[in-house]
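Listing of query.cif; format and content: mmCIF, C-alpha atoms.
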```
data_target
#
loop_
_atom_site.label_atom_id
_atom_site.label_comp_id
_atom_site.auth_asym_id
_atom_site.auth_seq_id
_atom_site.Cartn_x
_atom_site.Cartn_y
_atom_site.Cartn_z
CA MET A 1 269.97 209.40 133.46
CA ALA A 2 270.66 208.93 129.81
CA SER A 3 267.72 208.31 127.53
CA LEU A 4 267.57 206.64 124.15
CA GLN A 5 268.70 209.93 122.63
CA PHE A 6 272.11 209.04 124.05
CA PHE A 7 272.46 206.58 121.19
CA SER A 8 270.90 208.72 118.48
CA ILE A 9 273.80 211.22 118.60
CA PRO A 10 276.51 210.58 116.00
CA VAL A 11 279.49 208.81 117.53
CA SER A 12 281.87 211.60 116.65
CA ARG A 13 279.80 214.15 118.65
CA ASN A 14 278.61 211.98 121.54
CA PRO A 15 280.20 213.30 124.80
CA HIS A 16 279.77 209.91 126.49
CA ILE A 17 281.77 208.00 123.90
CA THR A 18 285.44 208.74 123.44
CA ARG A 19 287.46 207.77 120.44
CA LYS A 20 290.79 206.25 121.39
CA PRO A 21 293.38 205.79 118.65
CA VAL A 22 294.57 202.21 118.64
CA GLU A 23 297.57 200.91 116.79
CA HIS A 24 296.12 197.59 115.71
CA PRO A 25 298.34 195.19 113.76
CA SER A 26 295.61 194.95 111.15
CA PRO A 27 293.63 198.17 110.51
CA SER A 28 290.88 196.12 108.89
CA LEU A 29 290.13 194.40 112.21
CA ARG A 30 289.25 197.40 114.36
CA LEU A 31 286.27 196.35 116.43
CA ILE A 32 283.98 197.97 118.94
CA PRO A 33 282.25 196.32 121.90
CA ARG A 34 279.08 194.33 121.33
CA ASN A 35 277.23 196.51 123.84
CA LEU A 36 277.30 199.32 121.30
CA ALA A 37 274.81 197.43 119.14
CA PHE A 38 272.24 200.13 119.84
CA LEU A 39 274.28 202.58 117.77
CA GLY A 40 272.47 201.05 114.86
CA PRO A 41 272.47 198.00 112.61
CA GLY A 42 275.88 197.09 111.32
CA LEU A 43 277.85 199.39 113.68
CA ARG A 44 279.43 196.58 115.64
CA TYR A 45 282.63 197.18 113.66
CA ILE A 46 284.35 200.14 112.09
CA HIS A 47 283.89 200.85 108.38
CA HIS A 48 287.40 199.50 107.68
CA CYS A 49 286.27 196.01 108.68
CA SER A 50 284.61 193.95 105.96
CA ALA A 51 282.02 191.20 106.39
CA LYS A 52 284.65 188.76 105.14
CA ASP A 53 286.96 189.80 107.97
CA ILE A 54 284.24 189.26 110.54
CA LYS A 55 283.45 185.82 109.12
CA SER A 56 287.12 184.86 109.28
CA ILE A 57 287.25 185.88 112.93
CA ARG A 58 284.18 183.79 113.80
CA SER A 59 285.43 180.73 111.95
CA SER A 60 288.92 180.91 113.44
CA ASN A 61 289.95 178.05 115.69
CA ARG A 62 291.67 180.53 117.99
CA THR A 63 289.85 181.99 120.96
CA GLU A 64 291.22 185.46 121.63
CA ALA A 65 289.94 188.31 123.75
CA VAL A 66 289.84 191.54 121.77
CA THR A 67 291.11 194.15 124.21
CA ASP A 68 291.81 197.12 121.93
CA TYR A 69 288.87 199.10 120.60
CA SER A 70 288.79 202.18 118.45
CA ILE A 71 285.75 203.34 120.42
CA GLN A 72 285.39 203.09 124.19
CA VAL A 73 282.39 203.79 126.40
CA SER A 74 283.24 206.15 129.25
CA ASP A 75 279.79 206.20 130.86
CA VAL A 76 277.24 203.35 130.90
CA PRO A 77 273.66 204.65 131.29
CA LEU A 78 271.43 203.51 134.15
CA LEU A 79 268.09 202.61 132.59
CA THR A 80 264.56 202.62 133.87
CA SER A 81 262.47 199.51 133.19
CA SER A 82 260.63 201.30 130.39
CA GLU A 83 263.92 202.38 128.78
CA ALA A 84 265.29 198.85 129.04
CA MET A 85 262.12 197.49 127.45
CA GLU A 86 262.31 200.02 124.65
CA ARG A 87 265.88 199.01 123.92
CA LEU A 88 264.86 195.36 123.91
CA LYS A 89 262.32 196.23 121.24
CA ILE A 90 264.94 198.10 119.19
CA ASN A 91 267.35 195.20 119.50
CA ARG A 92 264.69 192.74 118.40
CA ASP A 93 263.58 194.91 115.48
CA ASN A 94 267.17 195.20 114.25
CA ARG A 95 267.75 191.45 114.18
CA LYS A 96 267.65 189.81 110.80
CA GLY A 97 267.06 186.10 110.37
CA THR A 98 264.81 183.38 109.06
CA HIS A 99 263.07 182.69 112.37
CA GLU A 100 260.07 184.68 113.52
CA PHE A 101 258.83 184.25 117.10
CA LEU A 102 255.06 184.47 117.15
CA ALA A 103 254.10 183.69 120.75
CA MET A 104 255.64 182.72 124.08
CA TYR A 105 254.19 181.23 127.24
CA SER A 106 255.98 181.70 130.56
CA SER A 107 254.84 180.28 133.87
CA ILE A 108 256.83 183.11 135.49
CA PHE A 109 254.46 185.80 134.22
CA GLY A 110 251.62 183.30 133.97
CA GLY A 111 250.45 183.93 130.43
CA ILE A 112 251.16 184.25 126.72
CA THR A 113 252.78 187.20 124.95
CA THR A 114 253.03 187.86 121.23
CA ASP A 115 255.62 190.64 121.66
CA PRO A 116 259.04 189.16 120.77
CA ALA A 117 260.78 191.76 122.96
CA ALA A 118 258.97 190.37 126.00
CA MET A 119 260.00 186.78 125.25
CA VAL A 120 262.64 186.62 127.97
CA ILE A 121 263.44 184.43 130.96
CA PRO A 122 264.95 185.41 134.34
CA ILE A 123 268.75 185.48 134.45
CA ASP A 124 268.68 183.56 137.76
CA ASP A 125 266.77 180.67 136.23
CA HIS A 126 268.94 177.62 136.83
CA MET A 127 268.38 176.57 133.22
CA VAL A 128 270.37 179.67 132.19
CA HIS A 129 273.38 179.57 134.49
CA ARG A 130 273.50 175.89 135.51
CA GLY A 131 271.97 174.13 132.50
CA HIS A 132 269.33 172.55 134.75
CA GLY A 133 266.57 172.32 132.19
CA VAL A 134 265.16 170.05 129.50
CA PHE A 135 263.36 170.84 126.26
CA ASP A 136 261.57 169.38 123.29
CA THR A 137 260.11 170.44 119.95
CA ALA A 138 256.96 169.57 118.01
CA ALA A 139 256.30 170.51 114.41
CA ILE A 140 253.22 172.50 113.38
CA ARG A 141 251.81 171.45 110.02
CA ASP A 142 248.62 172.82 108.44
CA GLY A 143 247.14 173.71 111.83
CA TYR A 144 248.07 170.45 113.56
CA LEU A 145 250.79 169.67 116.07
CA TYR A 146 252.71 166.62 114.88
CA GLU A 147 253.47 163.93 117.47
CA LEU A 148 252.73 166.31 120.36
CA ASP A 149 251.93 163.54 122.82
CA GLN A 150 255.05 161.59 121.89
CA HIS A 151 257.20 164.68 122.46
CA ILE A 152 255.47 165.49 125.76
CA ASP A 153 256.13 161.95 126.96
CA ARG A 154 259.80 162.38 126.09
CA ILE A 155 260.23 165.73 127.85
CA LEU A 156 258.59 164.30 130.96
CA ARG A 157 261.06 161.40 130.91
CA SER A 158 263.90 163.88 130.48
CA ALA A 159 262.60 166.00 133.37
CA SER A 160 262.42 162.94 135.60
CA MET A 161 266.02 161.96 134.77
CA ALA A 162 267.13 165.56 135.39
CA LYS A 163 265.24 165.62 138.73
CA ILE A 164 263.15 168.60 137.69
CA VAL A 165 259.86 168.98 139.51
CA LEU A 166 257.00 169.70 137.12
CA ALA A 167 255.41 173.14 137.10
CA PHE A 168 252.11 171.50 136.03
CA ASP A 169 250.77 168.02 135.46
CA ARG A 170 250.85 166.46 132.01
CA GLU A 171 247.36 167.50 130.93
CA ASN A 172 247.88 171.13 131.92
CA ILE A 173 251.23 171.23 130.13
CA ARG A 174 249.52 169.87 127.03
CA ARG A 175 246.69 172.39 127.30
CA ILE A 176 249.12 175.32 127.71
CA LEU A 177 251.15 174.25 124.68
CA ILE A 178 248.07 173.99 122.47
CA GLN A 179 246.79 177.39 123.65
CA THR A 180 250.17 178.98 122.94
CA VAL A 181 250.10 177.75 119.34
CA SER A 182 246.50 178.91 119.04
CA ALA A 183 247.43 182.42 120.22
CA SER A 184 250.27 182.56 117.69
CA LYS A 185 247.94 181.93 114.71
CA CYS A 186 250.79 179.86 113.25
CA LYS A 187 249.67 177.17 110.80
CA THR A 188 253.11 175.84 109.83
CA GLY A 189 256.17 176.11 112.04
CA SER A 190 257.40 174.59 115.28
CA LEU A 191 256.71 174.68 118.99
CA ARG A 192 259.68 174.52 121.35
CA TYR A 193 259.19 174.20 125.08
CA TRP A 194 261.30 173.91 128.22
CA LEU A 195 260.92 172.59 131.75
CA SER A 196 263.31 174.24 134.17
CA ALA A 197 264.32 174.05 137.81
CA GLY A 198 263.25 177.70 137.78
CA PRO A 199 264.62 181.02 139.04
CA GLY A 200 265.83 181.60 142.57
CA ASP A 201 269.56 182.24 142.98
CA PHE A 202 272.97 181.59 141.48
CA GLN A 203 273.85 178.59 143.60
CA LEU A 204 274.56 175.14 142.22
CA SER A 205 271.72 173.35 143.99
CA PRO A 206 268.12 174.10 142.95
CA SER A 207 267.07 174.08 146.62
CA GLY A 208 266.84 177.87 146.52
CA CYS A 209 264.52 177.94 143.50
CA ASP A 210 261.05 179.14 144.47
CA GLN A 211 259.21 177.23 141.75
CA PRO A 212 259.95 175.20 138.60
CA ALA A 213 259.19 176.87 135.29
CA LEU A 214 257.59 176.07 131.95
CA TYR A 215 258.37 178.10 128.84
CA ALA A 216 257.13 177.64 125.29
CA VAL A 217 257.81 179.52 122.04
CA VAL A 218 256.12 179.24 118.65
CA ILE A 219 258.62 179.64 115.81
CA GLN A 220 257.97 180.26 112.14
CA ASP A 221 260.96 179.32 110.00
CA LYS A 222 261.08 181.22 106.72
CA SER A 223 264.06 179.34 105.31
CA PRO A 224 263.24 177.05 102.38
CA PHE A 225 262.95 173.31 103.04
CA SER A 226 265.57 171.22 101.27
CA SER A 227 265.88 167.51 100.56
CA LYS A 228 269.17 167.84 98.72
CA GLY A 229 271.86 165.32 99.60
CA VAL A 230 274.49 166.47 102.09
CA LYS A 231 277.98 165.58 103.24
CA VAL A 232 278.77 164.48 106.81
CA VAL A 233 282.03 163.90 108.66
CA THR A 234 283.00 161.85 111.69
CA SER A 235 282.96 164.02 114.80
CA SER A 236 286.10 164.40 116.89
CA ILE A 237 284.07 165.97 119.71
CA PRO A 238 283.45 163.38 122.45
CA ILE A 239 279.89 162.11 122.58
CA LYS A 240 277.95 162.67 125.78
CA PRO A 241 277.87 159.72 128.22
CA PRO A 242 274.70 157.61 127.82
CA GLN A 243 273.19 158.95 131.08
CA PHE A 244 273.09 162.43 129.54
CA ALA A 245 272.75 161.50 125.85
CA VAL A 246 269.39 159.79 126.39
CA MET A 247 267.81 162.90 127.93
CA LYS A 248 267.08 166.05 125.95
CA SER A 249 268.66 168.60 128.26
CA VAL A 250 269.77 172.14 127.43
CA ASN A 251 273.41 171.08 127.83
CA TYR A 252 274.11 171.20 124.09
CA LEU A 253 277.68 172.46 124.01
CA PRO A 254 279.05 169.15 122.63
CA ASN A 255 276.30 169.22 120.00
CA VAL A 256 277.13 172.82 119.06
CA LEU A 257 280.85 172.11 118.78
CA SER A 258 280.13 169.02 116.69
CA LYS A 259 277.95 171.04 114.30
CA MET A 260 280.59 173.79 114.08
CA GLU A 261 283.28 171.21 113.35
CA ALA A 262 281.21 169.90 110.46
CA GLU A 263 280.63 173.37 109.03
CA GLU A 264 284.34 174.18 109.28
CA LYS A 265 284.99 171.10 107.13
CA GLY A 266 282.35 172.04 104.59
CA ALA A 267 279.87 169.45 105.80
CA PHE A 268 276.27 169.60 106.97
CA ALA A 269 276.67 167.58 110.19
CA ALA A 270 279.09 165.39 112.10
CA ILE A 271 278.38 161.79 113.04
CA TRP A 272 279.15 160.60 116.56
CA LEU A 273 280.47 157.16 117.40
CA ASP A 274 279.70 155.63 120.79
CA GLY A 275 282.26 154.43 123.32
CA ASP A 276 282.48 151.05 121.60
CA GLY A 277 283.06 152.55 118.16
CA PHE A 278 279.57 151.91 116.80
CA ILE A 279 277.65 154.58 114.90
CA ALA A 280 275.56 156.66 117.33
CA GLU A 281 273.82 159.81 116.04
CA GLY A 282 274.25 163.30 114.61
CA PRO A 283 274.36 166.51 116.70
CA ASN A 284 270.57 166.84 116.76
CA MET A 285 269.28 164.08 114.54
CA ASN A 286 269.32 160.32 114.21
CA VAL A 287 271.04 158.44 111.42
CA ALA A 288 269.85 155.46 109.36
CA PHE A 289 271.00 153.34 106.44
CA VAL A 290 269.64 151.22 103.60
CA THR A 291 271.82 148.15 103.06
CA LYS A 292 272.60 146.39 99.78
CA ASP A 293 269.95 143.84 100.79
CA LYS A 294 267.37 146.65 101.01
CA GLU A 295 267.06 146.58 104.78
CA LEU A 296 266.51 149.77 106.78
CA LEU A 297 269.15 149.81 109.51
CA MET A 298 269.20 152.17 112.49
CA PRO A 299 271.36 152.30 115.67
CA PRO A 300 269.54 151.43 118.94
CA PHE A 301 268.38 154.14 121.34
CA ASP A 302 269.95 152.80 124.54
CA LYS A 303 272.93 155.21 124.42
CA ILE A 304 271.47 158.07 122.36
CA LEU A 305 268.36 160.22 122.25
CA SER A 306 265.21 158.36 121.35
CA GLY A 307 264.16 160.33 118.28
CA CYS A 308 260.40 160.69 117.89
CA THR A 309 260.67 161.22 114.13
CA ALA A 310 263.12 158.33 113.81
CA LYS A 311 260.74 155.98 115.64
CA ARG A 312 257.90 157.12 113.40
CA VAL A 313 260.05 156.40 110.34
CA LEU A 314 260.64 152.88 111.66
CA ALA A 315 256.89 152.37 112.05
CA LEU A 316 256.08 153.71 108.58
CA ALA A 317 258.88 151.64 107.06
CA GLU A 318 257.05 148.45 108.04
CA GLY A 319 254.52 149.33 105.35
CA LEU A 320 257.32 149.36 102.78
CA VAL A 321 258.28 145.86 103.89
CA LYS A 322 254.71 144.68 103.19
CA GLU A 323 254.87 146.34 99.77
CA GLY A 324 258.18 144.63 99.02
CA LYS A 325 260.10 147.89 98.68
CA LEU A 326 262.14 147.02 101.78
CA GLN A 327 263.25 143.55 102.81
CA GLY A 328 263.31 144.33 106.51
CA VAL A 329 263.78 146.86 109.31
CA ARG A 330 266.53 146.36 111.88
CA VAL A 331 267.50 148.36 114.98
CA GLU A 332 270.94 147.20 116.06
CA ASN A 333 274.57 148.26 116.41
CA VAL A 334 276.09 149.50 113.16
CA THR A 335 279.81 149.58 112.50
CA VAL A 336 281.44 152.40 110.57
CA GLU A 337 282.39 149.92 107.85
CA GLU A 338 278.77 148.78 107.49
CA GLY A 339 277.56 152.37 107.40
CA LYS A 340 279.97 153.50 104.73
CA LYS A 341 279.16 150.46 102.58
CA ALA A 342 275.42 151.19 102.68
CA VAL A 343 273.68 152.10 99.43
CA GLU A 344 271.76 154.88 101.16
CA MET A 345 272.34 156.94 104.30
CA MET A 346 270.07 159.52 105.90
CA LEU A 347 269.64 161.93 108.79
CA ILE A 348 266.27 161.95 110.58
CA GLY A 349 264.86 164.64 112.87
CA SER A 350 261.87 166.90 113.44
CA GLY A 351 263.62 169.86 111.82
CA ILE A 352 265.00 168.16 108.71
CA LEU A 353 262.53 165.24 108.56
CA VAL A 354 264.53 162.83 106.36
CA ARG A 355 267.67 164.23 104.73
CA PRO A 356 269.79 162.12 102.34
CA ILE A 357 273.53 161.81 102.87
CA VAL A 358 275.65 161.39 99.75
CA GLN A 359 279.12 161.46 101.31
CA TRP A 360 280.63 160.52 104.69
CA ASP A 361 284.18 161.75 105.15
CA ALA A 362 285.92 160.71 101.90
CA GLN A 363 283.50 157.86 101.23
CA ILE A 364 280.78 158.37 98.62
CA ILE A 365 277.54 156.73 99.76
CA GLY A 366 275.99 154.49 97.10
CA ASP A 367 276.17 156.18 93.73
CA GLY A 368 276.63 159.61 95.29
CA LYS A 369 273.04 160.65 94.62
CA GLU A 370 269.96 161.00 96.83
CA GLY A 371 268.59 157.52 97.48
CA SER A 372 265.15 156.51 96.22
CA LEU A 373 264.13 154.84 99.48
CA THR A 374 265.25 157.88 101.44
CA GLN A 375 262.93 159.98 99.28
CA ILE A 376 260.09 157.51 99.81
CA LEU A 377 260.55 157.71 103.59
CA LEU A 378 260.56 161.52 103.41
CA ASN A 379 257.32 161.46 101.43
CA LEU A 380 255.76 159.08 103.96
CA ILE A 381 256.62 161.41 106.85
CA ILE A 382 255.24 164.46 105.02
CA LYS A 383 252.04 162.57 104.19
CA ASP A 384 251.79 161.45 107.81
CA MET A 385 252.11 165.06 108.96
CA GLU A 386 249.42 166.19 106.55
CA SER A 387 246.88 163.39 106.82
CA GLY A 388 248.06 160.83 109.36
CA PRO A 389 245.95 159.45 112.24
CA LEU A 390 244.96 161.68 115.16
CA THR A 391 247.35 159.69 117.34
CA VAL A 392 250.12 161.74 115.71
CA ARG A 393 248.18 164.89 114.75
CA THR A 394 246.67 167.21 117.35
CA PRO A 395 244.31 169.88 115.91
CA ILE A 396 244.81 173.48 117.04
CA PRO A 397 241.63 175.47 117.86
CA TYR A 398 242.42 178.85 116.30
#
```

Show how you would write the structure in this file as structure tokens.
Amino acid sequence: MASLQFFSIPVSRNPHITRKPVEHPSPSLRLIPRNLAFLGPGLRYIHHCSAKDIKSIRSSNRTEAVTDYSIQVSDVPLLTSSEAMERLKINRDNRKGTHEFLAMYSSIFGGITTDPAAMVIPIDDHMVHRGHGVFDTAAIRDGYLYELDQHIDRILRSASMAKIVLAFDRENIRRILIQTVSASKCKTGSLRYWLSAGPGDFQLSPSGCDQPALYAVVIQDKSPFSSKGVKVVTSSIPIKPPQFAVMKSVNYLPNVLSKMEAEEKGAFAAIWLDGDGFIAEGPNMNVAFVTKDKELLMPPFDKILSGCTAKRVLALAEGLVKEGKLQGVRVENVTVEEGKKAVEMMLIGSGILVRPIVQWDAQIIGDGKEGSLTQILLNLIIKDMESGPLTVRTPIPY
């Protein structure tokens, strides 16, 4: 059995890896298989291939299978569990990104781990291979979970619509989530959690699943927060039917494709329209407008996800009506024409909070600058997260 030393030998002298000359039409695009990632950071492509080339491949609209490699594996090692675990650790250590995973709870192993390499789920979990799972996210701010109960209520509604039996009752789910954040020592970040049909087999029906599952991960995002105005485009990706759009399931492929479409067009996000042509939502955020009459306008939630942050913005906006800064708050169908004529436009979600939009397709929104009322709503949400009532702030016992 090959050990980890198998991958510490230089490629040119490794007896298990053979170099095969390949006449590739473009020498700069000579790739090697992804499963050679353990050769070391950055060795997923030959030295002739630049980062720019890799980026161009990823952003290409073509989907092609790369069949020619300049390096081929002639013998795949059979690993012991300890060797597999060690490689998981190496893989995790070599990953670079802005997200750090501080703790995970899994009902499968019945506890919390703070080792990122152990933060895995069974491959036969129906959430993985059938998409039979739902999830939600709550922000962590200064040692408090923001709108935890509101998010738990939503994931339970999603689980009911997805016909997922609960692994625990509501109070135990809540207790587990709080304890997971406590174990992480995270004071500012986010908590993401899933309810799944659970592991069992690779069939379509969950009837073979032994037990439903609950997973939770505490995430610390090191990327800087931004309230800079962004551009959006109209999505050409079909929106999910209302039956599926109103539940927060793990079936996010349309959302992913919509986000990718926006990025390919140099935009931050893409806006979906519903089946009747009214403005719906973004790929993972709600959308709202300020009209020329200083009314806050937001599409209804009957065909889209009921955003917890968006509903909180609506509640806080009532205070601005009393102060005379807004003339009213309306939740109703919004046409594209109305939206593009608005003086302010914004995206709302737990990850971005309130993000101003300054351009939609070719249309400049308002004066093309971040709107003042959008900034006021952002400040209200941040203040609510930091010092709002305990109905929206759950303290974490560290």

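Residue membership of the PyMOL selection byres ((chain A and resi 181) around 9) in the shown file amounts to Leu102, Ala103, Met104, Ile140, Leu145, Ile176, Leu177, Ile178, Gln179, Thr180, Ser182, Ala183, Ser184, Lys185, Cys186, Lys187, Ser190, Leu191, Val217, Val218, Ile396, Pro397 and Tyr398 of chain A.
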
Answer key for the PyMOL selection byres ((chain A and resi 202) around 8), residues as number ranges by chain: A: 124, 126, 129, 200-201, 203-204

Using C-alpha atoms, can you write the selected residues to a file as a tab-separated table (two decimals), in the frame of the given file?
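again-v4.tsv was written with the following content:
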```tsv
chain	number	residue	atom	x	y	z
A	124	ASP	CA	268.68	183.56	137.76
A	126	HIS	CA	268.94	177.62	136.83
A	129	HIS	CA	273.38	179.57	134.49
A	200	GLY	CA	265.83	181.60	142.57
A	201	ASP	CA	269.56	182.24	142.98
A	203	GLN	CA	273.85	178.59	143.60
A	204	LEU	CA	274.56	175.14	142.22
```

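What separates atom CA of Phe301 of chain A from atom CA of Ser160 of chain A is a distance of 17.8 Å.
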
Edge lengths and centre in Å to one decimal, as lines of an AutoDock Vina configuration file, of the axis-aligned box that encloses all listed atoms of segment 107-117 of chain A with 4 Å added on every side?
```
center_x = 255.6
center_y = 186.0
center_z = 128.1
size_x = 18.3
size_y = 19.5
size_z = 22.7
```

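When the PyMOL selection byres ((chain A and resi 128) around 12) is evaluated against the file, it yields A:Val120, A:Ile121, A:Pro122, A:Ile123, A:Asp124, A:Asp125, A:His126, A:Met127, A:His129, A:Arg130, A:Gly131, A:His132, A:Gly133, A:Val134, A:Trp194, A:Leu195, A:Ser196, A:Ala197, A:Gly198, A:Pro199, A:Gly200, A:Asp201, A:Phe202, A:Gln203, A:Leu204, A:Ala213, A:Ser249, A:Val250, A:Asn251.
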
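Compared by their closest atoms to Ala315 of chain A, and using only C-alpha atoms, the residues A:Ala245, A:Leu353, A:Ile381, A:Met161 rank with A:Ile381 nearest.
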
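Nearest to Lys240 of chain A of all the residues A:Ser258, A:Thr391, A:Ser106, A:Thr309 is A:Ser258, based on all atoms listed in the file.
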
Spatial neighbours of Trp272 of chain A, max dist 10 Å, all atoms listed in the file, sep filter under 2 positions, as a compact mmCIF listing (two decimals) with C-alpha atoms, in the frame of the given file:
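Below is the file selection_19.txt, written as the result:
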```txt
# COMPACT_ATOMS: atom_id res chain seq x y z
CA VAL A 233 282.03 163.90 108.66
CA THR A 234 283.00 161.85 111.69
CA SER A 235 282.96 164.02 114.80
CA SER A 236 286.10 164.40 116.89
CA ILE A 237 284.07 165.97 119.71
CA PRO A 238 283.45 163.38 122.45
CA ILE A 239 279.89 162.11 122.58
CA LYS A 240 277.95 162.67 125.78
CA ASN A 255 276.30 169.22 120.00
CA SER A 258 280.13 169.02 116.69
CA ALA A 269 276.67 167.58 110.19
CA ALA A 270 279.09 165.39 112.10
CA ASP A 274 279.70 155.63 120.79
CA GLY A 275 282.26 154.43 123.32
CA GLY A 277 283.06 152.55 118.16
CA PHE A 278 279.57 151.91 116.80
CA ILE A 279 277.65 154.58 114.90
CA ALA A 280 275.56 156.66 117.33
CA GLU A 281 273.82 159.81 116.04
CA GLY A 282 274.25 163.30 114.61
CA PRO A 283 274.36 166.51 116.70
CA VAL A 287 271.04 158.44 111.42
CA ILE A 304 271.47 158.07 122.36
```

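Residues lying within 7 Å of Ala167 of chain A, counting all atoms listed in the file and ignoring same-chain neighbours fewer than 2 positions away, are Val165, Pro212, Ala213 and Leu214 of chain A.
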
For Asp384 of chain A, which residue out of A:Ala162, A:Lys222, A:Gly110, A:Tyr146 is the nearest one, using all atoms listed in the file? A:Tyr146

Would you kindly return, as a tab-separated table (two decimals) with C-alpha atoms, in the frame of the given file, each protein, DNA or RNA residue with an atom no farther than 10 Å from any atom of segment 364-373 of chain A, considering only C-alpha atoms and excluding same-chain residues fewer than 5 positions away?
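Below is the file that was written, part.tsv:
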```
chain	number	residue	atom	x	y	z
A	227	SER	CA	265.88	167.51	100.56
A	228	LYS	CA	269.17	167.84	98.72
A	229	GLY	CA	271.86	165.32	99.60
A	230	VAL	CA	274.49	166.47	102.09
A	231	LYS	CA	277.98	165.58	103.24
A	289	PHE	CA	271.00	153.34	106.44
A	290	VAL	CA	269.64	151.22	103.60
A	291	THR	CA	271.82	148.15	103.06
A	292	LYS	CA	272.60	146.39	99.78
A	294	LYS	CA	267.37	146.65	101.01
A	296	LEU	CA	266.51	149.77	106.78
A	317	ALA	CA	258.88	151.64	107.06
A	320	LEU	CA	257.32	149.36	102.78
A	325	LYS	CA	260.10	147.89	98.68
A	326	LEU	CA	262.14	147.02	101.78
A	339	GLY	CA	277.56	152.37	107.40
A	340	LYS	CA	279.97	153.50	104.73
A	341	LYS	CA	279.16	150.46	102.58
A	342	ALA	CA	275.42	151.19	102.68
A	343	VAL	CA	273.68	152.10	99.43
A	344	GLU	CA	271.76	154.88	101.16
A	345	MET	CA	272.34	156.94	104.30
A	346	MET	CA	270.07	159.52	105.90
A	355	ARG	CA	267.67	164.23	104.73
A	356	PRO	CA	269.79	162.12	102.34
A	357	ILE	CA	273.53	161.81	102.87
A	358	VAL	CA	275.65	161.39	99.75
A	359	GLN	CA	279.12	161.46	101.31
A	378	LEU	CA	260.56	161.52	103.41
A	379	ASN	CA	257.32	161.46	101.43
```

For Thr188 of chain A, work out the shell of residues within 9 Å, counting only C-alpha atoms and skipping chain neighbours fewer than 2 positions away, then give it as a PDB file with C-alpha atoms, in the frame of the given file.
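Contents of the output file result19.pdb:
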```pdb
ATOM      1  CA  ALA A 139     256.300 170.510 114.410  1.00  0.00           C
ATOM      2  CA  ILE A 140     253.220 172.500 113.380  1.00  0.00           C
ATOM      3  CA  ARG A 141     251.810 171.450 110.020  1.00  0.00           C
ATOM      4  CA  ASP A 142     248.620 172.820 108.440  1.00  0.00           C
ATOM      5  CA  GLY A 143     247.140 173.710 111.830  1.00  0.00           C
ATOM      6  CA  TYR A 144     248.070 170.450 113.560  1.00  0.00           C
ATOM      7  CA  CYS A 186     250.790 179.860 113.250  1.00  0.00           C
ATOM      8  CA  SER A 190     257.400 174.590 115.280  1.00  0.00           C
ATOM      9  CA  ILE A 219     258.620 179.640 115.810  1.00  0.00           C
ATOM     10  CA  GLN A 220     257.970 180.260 112.140  1.00  0.00           C
ATOM     11  CA  ASP A 221     260.960 179.320 110.000  1.00  0.00           C
TER      12      ASP A 221
END
```

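Pairwise distance (atom CA of Phe244 of chain A, atom CA of Ala262 of chain A) equals 22.0 Å.
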
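Nearest residue to Val232 of chain A, choosing from A:Glu264, A:Leu305, A:Pro300, A:Thr113 and counting only C-alpha atoms: A:Glu264.
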
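Among the candidate residues A:Gly307, A:Pro299, A:Gly189, A:Gly351, the one lying nearest to Thr335 of chain A is A:Pro299, with distances computed using only C-alpha atoms.
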
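Take atom CA of Met385 of chain A and atom CA of Ser350 of chain A: the distance between them is 10.9 Å.
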